[in-house]
Amino acid sequence: MNMDISAIFQIAGIGIIIAMIHTVLKQMGKEDMAHWVTLIGFVVVLFMVVRLLNDLFQEIKTIFLFQ
């Protein structure tokens, strides 16, 4: 089973960038936009994690069902 470490770095990078954008927008007084940016970042990362979980479950299925 080959674990792709780049996906972890991508998720961490997105988190750092979103945190910086959130901080800048909050300092500018645009808290509503900061919350939207955080929400959009969360959704993007959530889709990435769901895709990785799908790959994991497919790998488990092929191991245990011998397909």
# chains A, B, ... in the order shown; residues from 1 in each chain; ligands from 1

call {"tool": "residues_around", "arguments": {"residues": "Val45 (chain A)", "least_positions_apart": "4", "cutoff": "8 Å", "atoms": "only C-alpha atoms", "output": "PyMOL selection string"}}
result
chain A and resi 11+14+41+49

call {"tool": "write_last_selection", "arguments": {"atoms": "all heavy atoms", "output": "PDB file, in the first residue's frame"}}
result
ATOM      1  N   ILE A  11      -2.822  19.416   2.029  1.00  0.00           N
ATOM      2  CA  ILE A  11      -3.833  19.783   3.023  1.00  0.00           C
ATOM      3  C   ILE A  11      -3.246  20.773   4.024  1.00  0.00           C
ATOM      4  O   ILE A  11      -3.888  21.763   4.387  1.00  0.00           O
ATOM      5  CB  ILE A  11      -4.391  18.527   3.710  1.00  0.00           C
ATOM      6  CG1 ILE A  11      -5.223  17.722   2.709  1.00  0.00           C
ATOM      7  CG2 ILE A  11      -5.220  18.890   4.930  1.00  0.00           C
ATOM      8  CD1 ILE A  11      -5.640  16.370   3.200  1.00  0.00           C
ATOM      9  N   ILE A  14      -2.867  24.199   2.290  1.00  0.00           N
ATOM     10  CA  ILE A  14      -4.159  24.881   2.172  1.00  0.00           C
ATOM     11  C   ILE A  14      -4.565  25.463   3.521  1.00  0.00           C
ATOM     12  O   ILE A  14      -5.045  26.601   3.609  1.00  0.00           O
ATOM     13  CB  ILE A  14      -5.234  23.926   1.629  1.00  0.00           C
ATOM     14  CG1 ILE A  14      -4.966  23.611   0.164  1.00  0.00           C
ATOM     15  CG2 ILE A  14      -6.623  24.522   1.788  1.00  0.00           C
ATOM     16  CD1 ILE A  14      -5.851  22.522  -0.406  1.00  0.00           C
ATOM     17  N   GLY A  41     -12.364  26.920   2.320  1.00  0.00           N
ATOM     18  CA  GLY A  41     -11.158  26.110   2.519  1.00  0.00           C
ATOM     19  C   GLY A  41     -11.468  24.782   3.171  1.00  0.00           C
ATOM     20  O   GLY A  41     -10.915  23.743   2.800  1.00  0.00           O
ATOM     21  N   VAL A  49     -10.111  14.882   1.482  1.00  0.00           N
ATOM     22  CA  VAL A  49     -10.089  13.788   2.445  1.00  0.00           C
ATOM     23  C   VAL A  49     -11.073  12.689   2.040  1.00  0.00           C
ATOM     24  O   VAL A  49     -10.756  11.494   2.156  1.00  0.00           O
ATOM     25  CB  VAL A  49     -10.382  14.313   3.869  1.00  0.00           C
ATOM     26  CG1 VAL A  49     -10.621  13.178   4.841  1.00  0.00           C
ATOM     27  CG2 VAL A  49      -9.245  15.202   4.350  1.00  0.00           C
TER      28      VAL A  49
END

call {"tool": "residues_around", "arguments": {"residues": "Val37 (chain A)", "least_positions_apart": "6", "cutoff": "10 Å", "atoms": "only C-alpha atoms", "output": "list in words"}}
result
Ile18, Ala19, Ile21, His22, Leu25, Glu31 and Val43 of chain A

call {"tool": "write_last_selection", "arguments": {"atoms": "N, CA and C atoms", "output": "PDB file, in the first residue's frame"}}
result
ATOM      1  N   ILE A  18      -5.152  29.435   4.109  1.00  0.00           N
ATOM      2  CA  ILE A  18      -6.475  29.877   4.551  1.00  0.00           C
ATOM      3  C   ILE A  18      -6.372  30.623   5.881  1.00  0.00           C
ATOM      4  N   ALA A  19      -5.522  30.129   6.779  1.00  0.00           N
ATOM      5  CA  ALA A  19      -5.349  30.807   8.069  1.00  0.00           C
ATOM      6  C   ALA A  19      -4.774  32.211   7.882  1.00  0.00           C
ATOM      7  N   ILE A  21      -5.045  34.134   5.127  1.00  0.00           N
ATOM      8  CA  ILE A  21      -6.073  34.969   4.499  1.00  0.00           C
ATOM      9  C   ILE A  21      -7.129  35.357   5.522  1.00  0.00           C
ATOM     10  N   HIS A  22      -7.519  34.407   6.378  1.00  0.00           N
ATOM     11  CA  HIS A  22      -8.504  34.692   7.414  1.00  0.00           C
ATOM     12  C   HIS A  22      -8.007  35.783   8.353  1.00  0.00           C
ATOM     13  N   LEU A  25      -7.996  39.246   6.502  1.00  0.00           N
ATOM     14  CA  LEU A  25      -9.350  39.771   6.333  1.00  0.00           C
ATOM     15  C   LEU A  25      -9.957  40.209   7.662  1.00  0.00           C
ATOM     16  N   GLU A  31     -14.874  40.503   8.685  1.00  0.00           N
ATOM     17  CA  GLU A  31     -14.992  39.212   9.352  1.00  0.00           C
ATOM     18  C   GLU A  31     -15.920  38.261   8.616  1.00  0.00           C
ATOM     19  N   VAL A  43     -14.298  23.123   2.988  1.00  0.00           N
ATOM     20  CA  VAL A  43     -14.998  22.270   2.015  1.00  0.00           C
ATOM     21  C   VAL A  43     -14.002  21.659   1.026  1.00  0.00           C
TER      22      VAL A  43
END

call {"tool": "residues_around", "arguments": {"residues": "Ile8 (chain A)", "least_positions_apart": "4", "cutoff": "12 Å", "atoms": "only C-alpha atoms", "output": "PyMOL selection string"}}
result
chain A and resi 3-4+12-15+45+48-49+52

call {"tool": "decode", "arguments": {"residues": "region 29-41 of chain A", "atoms": "all heavy atoms", "output": "PDB file, in the first residue's frame"}}
result
ATOM      1  N   GLY A  29     -11.186  44.130   9.049  1.00  0.00           N
ATOM      2  CA  GLY A  29     -12.553  44.381   9.478  1.00  0.00           C
ATOM      3  C   GLY A  29     -13.601  43.666   8.648  1.00  0.00           C
ATOM      4  O   GLY A  29     -14.788  43.952   8.774  1.00  0.00           O
ATOM      5  N   LYS A  30     -13.178  42.751   7.821  1.00  0.00           N
ATOM      6  CA  LYS A  30     -14.114  42.007   6.968  1.00  0.00           C
ATOM      7  C   LYS A  30     -14.264  40.593   7.513  1.00  0.00           C
ATOM      8  O   LYS A  30     -13.877  39.609   6.896  1.00  0.00           O
ATOM      9  CB  LYS A  30     -13.604  41.987   5.530  1.00  0.00           C
ATOM     10  CG  LYS A  30     -13.501  43.363   4.926  1.00  0.00           C
ATOM     11  CD  LYS A  30     -13.043  43.306   3.507  1.00  0.00           C
ATOM     12  CE  LYS A  30     -12.985  44.712   2.945  1.00  0.00           C
ATOM     13  NZ  LYS A  30     -12.633  44.719   1.536  1.00  0.00           N
ATOM     14  N   GLU A  31     -14.874  40.503   8.685  1.00  0.00           N
ATOM     15  CA  GLU A  31     -14.992  39.212   9.352  1.00  0.00           C
ATOM     16  C   GLU A  31     -15.920  38.261   8.616  1.00  0.00           C
ATOM     17  O   GLU A  31     -15.691  37.050   8.617  1.00  0.00           O
ATOM     18  CB  GLU A  31     -15.461  39.406  10.787  1.00  0.00           C
ATOM     19  CG  GLU A  31     -14.439  40.088  11.654  1.00  0.00           C
ATOM     20  CD  GLU A  31     -14.856  40.141  13.109  1.00  0.00           C
ATOM     21  OE1 GLU A  31     -15.721  39.350  13.498  1.00  0.00           O
ATOM     22  OE2 GLU A  31     -14.296  40.971  13.823  1.00  0.00           O
ATOM     23  N   ASP A  32     -16.950  38.799   7.970  1.00  0.00           N
ATOM     24  CA  ASP A  32     -17.853  37.908   7.237  1.00  0.00           C
ATOM     25  C   ASP A  32     -17.143  37.240   6.067  1.00  0.00           C
ATOM     26  O   ASP A  32     -17.317  36.046   5.822  1.00  0.00           O
ATOM     27  CB  ASP A  32     -19.093  38.661   6.778  1.00  0.00           C
ATOM     28  CG  ASP A  32     -18.769  39.905   5.961  1.00  0.00           C
ATOM     29  OD1 ASP A  32     -17.623  40.384   6.050  1.00  0.00           O
ATOM     30  OD2 ASP A  32     -19.667  40.393   5.240  1.00  0.00           O
ATOM     31  N   MET A  33     -16.315  37.995   5.359  1.00  0.00           N
ATOM     32  CA  MET A  33     -15.544  37.405   4.260  1.00  0.00           C
ATOM     33  C   MET A  33     -14.513  36.411   4.787  1.00  0.00           C
ATOM     34  O   MET A  33     -14.256  35.390   4.161  1.00  0.00           O
ATOM     35  CB  MET A  33     -14.837  38.501   3.453  1.00  0.00           C
ATOM     36  CG  MET A  33     -15.778  39.354   2.629  1.00  0.00           C
ATOM     37  SD  MET A  33     -16.666  38.404   1.384  1.00  0.00           S
ATOM     38  CE  MET A  33     -15.348  37.961   0.304  1.00  0.00           C
ATOM     39  N   ALA A  34     -13.934  36.704   5.945  1.00  0.00           N
ATOM     40  CA  ALA A  34     -12.959  35.797   6.544  1.00  0.00           C
ATOM     41  C   ALA A  34     -13.610  34.461   6.877  1.00  0.00           C
ATOM     42  O   ALA A  34     -13.020  33.396   6.653  1.00  0.00           O
ATOM     43  CB  ALA A  34     -12.353  36.427   7.795  1.00  0.00           C
ATOM     44  N   HIS A  35     -14.827  34.495   7.378  1.00  0.00           N
ATOM     45  CA  HIS A  35     -15.524  33.257   7.695  1.00  0.00           C
ATOM     46  C   HIS A  35     -15.875  32.479   6.427  1.00  0.00           C
ATOM     47  O   HIS A  35     -15.805  31.243   6.406  1.00  0.00           O
ATOM     48  CB  HIS A  35     -16.784  33.532   8.510  1.00  0.00           C
ATOM     49  CG  HIS A  35     -16.492  34.030   9.885  1.00  0.00           C
ATOM     50  ND1 HIS A  35     -15.775  33.302  10.806  1.00  0.00           N
ATOM     51  CD2 HIS A  35     -16.799  35.187  10.498  1.00  0.00           C
ATOM     52  CE1 HIS A  35     -15.665  33.988  11.925  1.00  0.00           C
ATOM     53  NE2 HIS A  35     -16.284  35.146  11.761  1.00  0.00           N
ATOM     54  N   TRP A  36     -16.241  33.179   5.360  1.00  0.00           N
ATOM     55  CA  TRP A  36     -16.547  32.503   4.099  1.00  0.00           C
ATOM     56  C   TRP A  36     -15.308  31.834   3.522  1.00  0.00           C
ATOM     57  O   TRP A  36     -15.373  30.717   2.992  1.00  0.00           O
ATOM     58  CB  TRP A  36     -17.137  33.479   3.082  1.00  0.00           C
ATOM     59  CG  TRP A  36     -18.602  33.706   3.286  1.00  0.00           C
ATOM     60  CD1 TRP A  36     -19.202  34.824   3.757  1.00  0.00           C
ATOM     61  CD2 TRP A  36     -19.658  32.767   3.040  1.00  0.00           C
ATOM     62  NE1 TRP A  36     -20.558  34.644   3.825  1.00  0.00           N
ATOM     63  CE2 TRP A  36     -20.864  33.387   3.388  1.00  0.00           C
ATOM     64  CE3 TRP A  36     -19.687  31.469   2.560  1.00  0.00           C
ATOM     65  CZ2 TRP A  36     -22.092  32.745   3.270  1.00  0.00           C
ATOM     66  CZ3 TRP A  36     -20.907  30.825   2.444  1.00  0.00           C
ATOM     67  CH2 TRP A  36     -22.088  31.469   2.788  1.00  0.00           C
ATOM     68  N   VAL A  37     -14.172  32.521   3.598  1.00  0.00           N
ATOM     69  CA  VAL A  37     -12.927  31.939   3.088  1.00  0.00           C
ATOM     70  C   VAL A  37     -12.584  30.680   3.871  1.00  0.00           C
ATOM     71  O   VAL A  37     -12.185  29.659   3.299  1.00  0.00           O
ATOM     72  CB  VAL A  37     -11.785  32.977   3.158  1.00  0.00           C
ATOM     73  CG1 VAL A  37     -10.427  32.320   2.940  1.00  0.00           C
ATOM     74  CG2 VAL A  37     -12.000  34.076   2.135  1.00  0.00           C
ATOM     75  N   THR A  38     -12.746  30.742   5.188  1.00  0.00           N
ATOM     76  CA  THR A  38     -12.477  29.568   6.019  1.00  0.00           C
ATOM     77  C   THR A  38     -13.419  28.423   5.672  1.00  0.00           C
ATOM     78  O   THR A  38     -12.993  27.261   5.582  1.00  0.00           O
ATOM     79  CB  THR A  38     -12.613  29.933   7.506  1.00  0.00           C
ATOM     80  OG1 THR A  38     -11.750  31.031   7.794  1.00  0.00           O
ATOM     81  CG2 THR A  38     -12.257  28.765   8.387  1.00  0.00           C
ATOM     82  N   LEU A  39     -14.676  28.718   5.458  1.00  0.00           N
ATOM     83  CA  LEU A  39     -15.651  27.691   5.108  1.00  0.00           C
ATOM     84  C   LEU A  39     -15.318  27.049   3.758  1.00  0.00           C
ATOM     85  O   LEU A  39     -15.374  25.823   3.607  1.00  0.00           O
ATOM     86  CB  LEU A  39     -17.058  28.281   5.078  1.00  0.00           C
ATOM     87  CG  LEU A  39     -18.190  27.315   4.749  1.00  0.00           C
ATOM     88  CD1 LEU A  39     -18.307  26.256   5.843  1.00  0.00           C
ATOM     89  CD2 LEU A  39     -19.488  28.061   4.578  1.00  0.00           C
ATOM     90  N   ILE A  40     -14.958  27.865   2.784  1.00  0.00           N
ATOM     91  CA  ILE A  40     -14.603  27.341   1.461  1.00  0.00           C
ATOM     92  C   ILE A  40     -13.352  26.478   1.545  1.00  0.00           C
ATOM     93  O   ILE A  40     -13.279  25.406   0.929  1.00  0.00           O
ATOM     94  CB  ILE A  40     -14.436  28.501   0.455  1.00  0.00           C
ATOM     95  CG1 ILE A  40     -15.797  29.136   0.185  1.00  0.00           C
ATOM     96  CG2 ILE A  40     -13.788  28.016  -0.833  1.00  0.00           C
ATOM     97  CD1 ILE A  40     -15.735  30.427  -0.588  1.00  0.00           C
ATOM     98  N   GLY A  41     -12.364  26.920   2.320  1.00  0.00           N
ATOM     99  CA  GLY A  41     -11.158  26.110   2.519  1.00  0.00           C
ATOM    100  C   GLY A  41     -11.468  24.782   3.171  1.00  0.00           C
ATOM    101  O   GLY A  41     -10.915  23.743   2.800  1.00  0.00           O
TER     102      GLY A  41
END
